[in-house]
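Read the structure below first, then the notes.
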Amino acid sequence: MSIKENYSFAGKPVITWKTGHPLPDPATSAIRLSVSEYNNDPEFAAYFETFLQQPGVEQIDTLLIGNWGAAYERGIGHALDPFLAAANRFPALKHLSLADIPSSDSEISWINMGDISGLFPAFQGLRTLHVQGSNGLVMENIRLPHLEELVMVSGGLPSRITQEIAVAELPKLRKLELWLGSYNYGCNISPEHLEQLLDALPRFPELKYLALCNYEQANQLAQLLAERPPLQAGITMLDLSKGTLADHGAQALLTQADRLNQLELLDLHHHYLSDEMMATLSEQLTCRLNLNDQEEADYDFDEDDPLEDDEDPEDYTYRFVFLSE
Amino acid sequence: MLNHHEFSRSGRATGKPLWLLLADTQDPRCSHFASALSNQQPKAELRVHDWREASLPADLLNHPGPVHVRVESASHNLEAVRHLVALGESESLQQGFAPVPANTLAQLQQGAYLPAAGFYYGVKQRLQQWQQQLLNSGVEHHWMNSPAHILAVSDKHACHQTLHRAGVAVPDARYDIHQPEQLWSLLLQPGWRRVFVKPRFGAGGSGIVALTHHGPGNLHALTTLEYDNGQWFNCIRPRTLKGVAQIAPLIELLAESGLIVEKWIPKLKHKQRECDSRLLVINGQVQLGVVRSSSGPITNLHLLNQRHPIEELWQLLPESALPALRADMATLAELYPHSIQLAVDVAFHQYQRRHRVLEINAFGDFLQRVTAQGYNSYELQLRHYLNTLAARTNHHD
């Protein structure tokens with residue numbers, strides 16, 4: 001039996017196709033391809049070969065690539081190579097999700113990606129691209145004339161990806177969601193890389209939704225945003241959620257209160273703000289504000305082990321992003 | 001019954017059973033063993049002989065026998081460690097390993113990382129010296145843990161190879177990495193993006209590196225060593241190293257005394273923390289164990305990690321995982337028949353839910369605060385040893 005998952009992608013319920021079963025209706029389903037090494041599933045290549053023989057494949061516009069088998073150890077090439085080789089069988093493809101893998105199969109930081117650059121010339125009609133995992137990920141020459149939504153979820157996004165996004169040709173991009181993550185999981189983004197990315201945003205004149213979220217350095221990002229010219233007027237939703245935002249970061253953001261008040265939504269959920277700062281934000285910001293999920297930092301100092309005068313409490317304060325495995 | 005056998009085989013009256021503990025006298029293991037022995041064999045006489053003493057006492061070698069011999073770790077005493085490093089140095093150099101700098105030996109008390117090849121060969125020579133004296137004396141003796149076993153499991157190349165050839169589930173490993181460049185190349189091979197680098201002769205988590213290649217130019221290491229003022233030190237909280245420039249010197253250091261590179265197994269989660277287990281295997285069966293959990297992949301208990309009852313591990317596993325584990329533990333006992341106990345580190349794959357044997361620890365049987373049927377680790381070993389003594393041949397190995 002093909003499996004109806006309890007989530008949707010690009011507006012359609014996700015159904016995982018299983019060998020021996022008919023293709024779910026492409027008009028009403030987001031079809032997910034996935035094998036597991038435990039259920040006597042075939043290798044992905046053989047599974048995909050069978051899939052290609054299903055009537056109706058050409059009509060698929062929404063596709064998810066799940067587990068290609070031991071994704072914690074084997075690269076996405078195991079799925080992507082046969083997929084790209086058959087690219088002309090998917091003329092209608094508009095919405096694609098890569099490595100849609102539950103944590104029971106592989107946590108995101110363990111998903112073994114690889115070079116996915118071959119997608120861009122092969123699927124010029126893409127409107128939506130979601131990518132999970134960053135380990136080994138390479139994306140070069142990103143040129144997708146119709147892409148409206150790019151979502152990159154990972155425990156740590158490498159600077160080589162933000163650098164490529166900064167020079168990408170995505171004239172129709174409306175939503176850019178980057179989970180920047182933490183150093184331990186591969187994020188090596190410096191302030192210069194962030195500047196480069198922010199400088200490049202006018203390349204995406206249609207951009208409405210910007211998420212720079214799940215970031216270990218959320219306060220530095222807030223400081224950077226405060227020091228820069230206001231974000232371009234088209235951006236109406238700003239998502240700085242799931243990170244480590246604390247009072248000093250929020251204070252920096254407030255210096256741009258005028259610009260923030262032009263937003264429809266400022267999403268700061270999963271933060272380390274004090275009750276006082278949450279109240280201040282609510283007072284000074286008139287935009288819709290998501291301050292859910294107030295977290296509590298760990299401190300490596302206390303009355304028994306106080307800091308020296310020249311020590312910065314921030315150096316001994318630990319805040320964690322939402323997704324860090 | 002026991003005495004009857006001793007009489008009948010040696011043909012001599014034996015008096016008190018005599019035990020020879022080759023150890024460091026100050027090591028708490030000695031008193032723990034002494035107390036276990038007095039519980040299990042109240043009439044026994046226990047003598048502790050120091051690692052630094054090459055010659056066994058003449059009266060012991062002239063003893064009517066039998067003598068029961070047990071070896072404990074030398075590493076409790078830094079003087080003994082220095083002594084054994086000096087003893088093993090020439091053989092270590094012959095084998096192509098670097099000498100241990102005097103500066104390192106001088107700073108052991110401060111936690112300097114000891115490249116352990118010289119120590120290993122020193123242990124080997126001392127054990128062989130003692131073994132030879134016992135053989136030459138003709139005294140009937142039995143090793144509770146044989147020198148051959150101690151040496152076989154303390155060399156991670158030899159141990160991994162033995163287990164792999166016997167079909168025991170172990171992580172894939174490479175023995176042929178000698179330079180950082182070879183390691184970087186390996187990290188580009190499919191399935192080798194994450195590895196554990198361990199000193200070939202190391203113990204106690206010292207010098208372990210958990211290495212991730214996140215992608216081009218993005219190398220990340222978590223290690224139990226830190227660099228300070230020209231010297232690498234063991235540290236209690238794992239440290240992060242970033243990039244080739246920081247990590248290469250560490251790999252070079254480890255390579256000088258031999259290293260093994262293993263695929264990093266995603267470890268089973270116990271309450272959101274990574275865990276593995278230390279199992280005490282007696283007679284091919286798991287008799288005792290602890291679960292060790294950590295916020296990172298390095299789980300050694302002395303590195304501020306948590307311990308949990310072993311039963312909590314079994315609850316996390318599918319039923320099918322346990323017969324495979326039991327079969328491998330039985331295989332281990334066949335591979336090392338001349339040892340009463342095996343202290344085995346076993347991890348379970350987070351996604352496959354199947355075990356891998358990570359290593360066997362020559363002196364990892366000192367499990368505190370856990371008992372089975374009311375017996376602690378040493379008591380369990382002694383009970384098995386004494387119960388099976390009759391079946392043992394003279395100085396078997």
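Just remember, in the structure tokens the first chain shown is A, the second B, etc., residues are 1-based per chain, and ligands are 1-based in the order shown.
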- Item | Non-local contacts of Leu18 (chain B) (7 Å; only C-alpha atoms; under 5 positions in same chain excluded) as a list in words | Ala44, Glu45, Leu46, Pro66, Val67 and His68 of chain B
- Determine, counting only C-alpha atoms, which protein, DNA and RNA residues have an atom within 12 Å of an atom of Pro323 (chain B); residues of the same chain fewer than 3 positions away are not included. Present the result as a PyMOL selection string. chain B and resi 285-286+314+317-320+326-330+354-355
- Task: Skip Leu21 (chain B) itself and residues of its chain fewer than 5 positions away, then list as a ChimeraX atom specification all residues within 9 Å of it, counting only C-alpha atoms.
- Result: /B:30,46-50,68-72
- Message: Contacts from chain A to chain B, 10 Å maximum, only C-alpha atoms: show me the residue list as a PyMOL selection string.
- Response: chain A and resi 37-38+70-75+103-107+109-110+112-115+134-138+156-160+183-188+325
Pull N, CA and C atoms from the residues just selected and write them as a compact mmCIF listing (two decimals), in the first residue's frame.
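Writing done, so here's again05.txt:
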```
# COMPACT_ATOMS: atom_id res chain seq x y z
N GLU A 37 16.03 0.50 4.14
CA GLU A 37 16.83 -0.71 4.04
C GLU A 37 16.31 -1.83 4.94
N TYR A 38 15.19 -1.58 5.60
CA TYR A 38 14.71 -2.57 6.57
C TYR A 38 13.52 -3.39 6.08
N ALA A 70 19.85 4.10 3.53
CA ALA A 70 21.02 4.44 4.35
C ALA A 70 21.53 5.85 4.03
N ALA A 71 20.59 6.79 4.01
CA ALA A 71 20.97 8.17 3.67
C ALA A 71 21.94 8.75 4.69
N TYR A 72 22.04 8.14 5.87
CA TYR A 72 23.00 8.60 6.87
C TYR A 72 24.42 8.28 6.44
N GLU A 73 24.57 7.46 5.40
CA GLU A 73 25.90 7.04 5.01
C GLU A 73 26.13 7.19 3.51
N ARG A 74 25.06 7.04 2.73
CA ARG A 74 25.20 7.07 1.28
C ARG A 74 24.65 8.39 0.73
N GLY A 75 25.34 8.92 -0.23
CA GLY A 75 25.01 10.24 -0.76
C GLY A 75 23.74 10.26 -1.60
N SER A 103 13.39 11.79 10.90
CA SER A 103 14.57 11.63 11.75
C SER A 103 14.77 10.18 12.18
N SER A 104 13.70 9.37 12.12
CA SER A 104 13.89 7.96 12.47
C SER A 104 14.74 7.24 11.42
N ASP A 105 14.76 7.75 10.19
CA ASP A 105 15.62 7.17 9.15
C ASP A 105 17.01 7.79 9.18
N SER A 106 17.05 9.11 9.37
CA SER A 106 18.32 9.80 9.49
C SER A 106 18.05 11.21 9.98
N GLU A 107 18.69 11.59 11.06
CA GLU A 107 18.57 12.97 11.49
C GLU A 107 19.20 13.88 10.44
N SER A 109 21.29 16.22 10.36
CA SER A 109 22.74 16.42 10.32
C SER A 109 23.46 15.19 9.78
N TRP A 110 22.78 14.05 9.76
CA TRP A 110 23.41 12.83 9.25
C TRP A 110 23.08 12.57 7.78
N ASN A 112 23.32 12.41 4.13
CA ASN A 112 24.49 12.57 3.29
C ASN A 112 24.05 13.11 1.93
N MET A 113 24.29 14.38 1.74
CA MET A 113 23.87 15.00 0.48
C MET A 113 24.97 14.83 -0.56
N GLY A 114 25.21 15.82 -1.35
CA GLY A 114 26.19 15.73 -2.43
C GLY A 114 25.91 16.88 -3.38
N ASP A 115 26.42 16.76 -4.57
CA ASP A 115 26.27 17.83 -5.55
C ASP A 115 24.91 17.72 -6.24
N SER A 134 22.66 19.31 4.83
CA SER A 134 23.70 20.10 4.18
C SER A 134 25.03 19.36 4.11
N ASN A 135 25.07 18.17 4.67
CA ASN A 135 26.35 17.47 4.73
C ASN A 135 26.82 17.11 3.32
N GLY A 136 27.90 17.72 2.90
CA GLY A 136 28.43 17.45 1.56
C GLY A 136 27.69 18.15 0.44
N LEU A 137 26.72 18.98 0.81
CA LEU A 137 25.87 19.62 -0.20
C LEU A 137 26.67 20.60 -1.07
N VAL A 138 26.50 20.49 -2.36
CA VAL A 138 27.07 21.44 -3.31
C VAL A 138 25.96 21.89 -4.25
N GLY A 156 23.20 23.08 9.85
CA GLY A 156 24.29 24.02 9.65
C GLY A 156 24.52 24.25 8.18
N LEU A 157 24.24 25.46 7.72
CA LEU A 157 24.37 25.75 6.29
C LEU A 157 25.77 26.27 6.01
N PRO A 158 26.49 25.65 5.09
CA PRO A 158 27.84 26.10 4.80
C PRO A 158 27.85 27.40 4.00
N SER A 159 28.94 28.15 4.15
CA SER A 159 29.04 29.43 3.45
C SER A 159 29.08 29.24 1.94
N ARG A 160 29.55 28.07 1.49
CA ARG A 160 29.59 27.89 0.03
C ARG A 160 28.18 27.92 -0.56
N TYR A 183 27.67 25.81 14.15
CA TYR A 183 28.97 25.43 13.62
C TYR A 183 29.17 23.92 13.66
N ASN A 184 28.74 23.30 14.76
CA ASN A 184 28.96 21.86 14.90
C ASN A 184 28.34 21.06 13.77
N TYR A 185 27.35 21.61 13.13
CA TYR A 185 26.69 20.87 12.07
C TYR A 185 26.95 21.46 10.70
N GLY A 186 28.02 22.22 10.59
CA GLY A 186 28.49 22.58 9.26
C GLY A 186 28.33 24.04 8.87
N CYS A 187 27.71 24.85 9.75
CA CYS A 187 27.59 26.28 9.42
C CYS A 187 28.94 26.95 9.64
N ASN A 188 29.52 27.48 8.59
CA ASN A 188 30.78 28.22 8.74
C ASN A 188 30.63 29.61 8.14
N GLU A 325 21.18 18.62 16.40
CA GLU A 325 21.04 17.23 16.84
C GLU A 325 22.25 16.77 17.63
```
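When the distance limit is 9 Å and only C-alpha atoms are what count, the residues near Asp298 (chain A), minus those fewer than 5 positions from it on the same chain, are Tyr316, Thr317, Tyr318 and Arg319 of chain A.
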Save the residues we just selected, C-alpha atoms, as a CSV table (one decimal), in the first residue's frame?
```csv
chain,number,residue,atom,x,y,z
A,316,TYR,CA,29.7,31.7,29.4
A,317,THR,CA,26.1,31.7,28.3
A,318,TYR,CA,24.8,28.9,26.1
A,319,ARG,CA,21.7,29.1,23.9
```
- Message: From a backbone DSSP assignment, name each residue in region 55-106 of chain A labelled alpha helix (DSSP H), as a PyMOL selection string.
- Response: chain A and resi 77-85
Emit the selected residues as a compact mmCIF listing (two decimals), in the first residue's frame, including N, CA and C atoms.
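Contents of again_20.txt, freshly written:
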```txt
# COMPACT_ATOMS: atom_id res chain seq x y z
N GLY A 77 23.34 11.12 -4.45
CA GLY A 77 23.56 10.65 -5.82
C GLY A 77 22.85 9.34 -6.11
N HIS A 78 22.68 8.51 -5.07
CA HIS A 78 21.97 7.25 -5.28
C HIS A 78 20.56 7.47 -5.79
N ALA A 79 19.96 8.60 -5.43
CA ALA A 79 18.62 8.92 -5.95
C ALA A 79 18.71 9.90 -7.11
N LEU A 80 19.62 10.85 -6.98
CA LEU A 80 19.63 11.95 -7.94
C LEU A 80 20.13 11.52 -9.32
N ASP A 81 21.10 10.61 -9.34
CA ASP A 81 21.65 10.20 -10.64
C ASP A 81 20.57 9.57 -11.53
N PRO A 82 19.82 8.57 -11.03
CA PRO A 82 18.76 8.03 -11.89
C PRO A 82 17.66 9.05 -12.18
N PHE A 83 17.39 9.90 -11.20
CA PHE A 83 16.35 10.91 -11.39
C PHE A 83 16.73 11.88 -12.51
N LEU A 84 17.96 12.36 -12.47
CA LEU A 84 18.41 13.31 -13.50
C LEU A 84 18.51 12.64 -14.87
N ALA A 85 18.89 11.36 -14.85
CA ALA A 85 18.98 10.64 -16.12
C ALA A 85 17.60 10.53 -16.78
```
- Task: Considering only C-alpha atoms, return as a ChimeraX atom specification whatever protein or nucleic-acid residues lie within 7 Å of Arg143 (chain A), sequence-local ones (same chain, fewer than 6 positions apart) excluded.
- Result: /A:120,168-170
- Item | Within 6 Å of Leu147 (chain A) using only C-alpha atoms, minus same-chain residues under 6 positions, as JSON, numbers by chain | {"A": [126, 127, 128, 172, 173]}
- Straight-line distance linking CA of Val123 (chain B) with CA of Arg392 (chain B), stated in Å to one decimal: 25.2 Å
- Considering only C-alpha atoms, return as a ChimeraX atom specification whatever protein or nucleic-acid residues lie within 8 Å of Ser377 (chain B), sequence-local ones (same chain, fewer than 6 positions apart) excluded. /B:280,288,365-368,370-371
How would the residues just chosen look if you wrote them out with N, CA and C atoms as a CSV table (one decimal), in the first residue's frame?
```csv
chain,number,residue,atom,x,y,z
B,280,LEU,N,30.5,-6.3,30.4
B,280,LEU,CA,31.4,-7.3,30.9
B,280,LEU,C,30.9,-8.7,30.5
B,288,LEU,N,27.4,-8.1,33.1
B,288,LEU,CA,27.2,-6.8,33.8
B,288,LEU,C,27.3,-5.8,32.6
B,365,ASP,N,37.3,-3.9,33.0
B,365,ASP,CA,36.4,-4.7,33.7
B,365,ASP,C,36.1,-4.2,35.1
B,366,PHE,N,36.7,-3.1,35.5
B,366,PHE,CA,36.5,-2.5,36.8
B,366,PHE,C,35.3,-1.6,36.8
B,367,LEU,N,34.1,-2.3,36.7
B,367,LEU,CA,32.9,-1.6,36.7
B,367,LEU,C,32.3,-1.4,38.1
B,368,GLN,N,32.2,-0.2,38.5
B,368,GLN,CA,31.8,0.1,39.9
B,368,GLN,C,30.3,0.3,40.0
B,370,VAL,N,27.8,-1.5,40.0
B,370,VAL,CA,26.9,-2.4,39.4
B,370,VAL,C,27.1,-3.8,39.8
B,371,THR,N,26.1,-4.6,40.0
B,371,THR,CA,26.2,-6.0,40.4
B,371,THR,C,25.2,-6.8,39.7
```
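Across region 83-172 of chain B, DSSP run on the backbone finds strand (DSSP E or B) at Ala112, His141, His142, Trp143 and Asn145 of chain B.
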- In Å, with one decimal, what is the gap from CA of Ile298 (chain B) to CA of Ser324 (chain A)? 16.9 Å
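Across the structure, CA of His269 (chain A) and CA of Gly243 (chain A) are spaced 8.3 Å apart.
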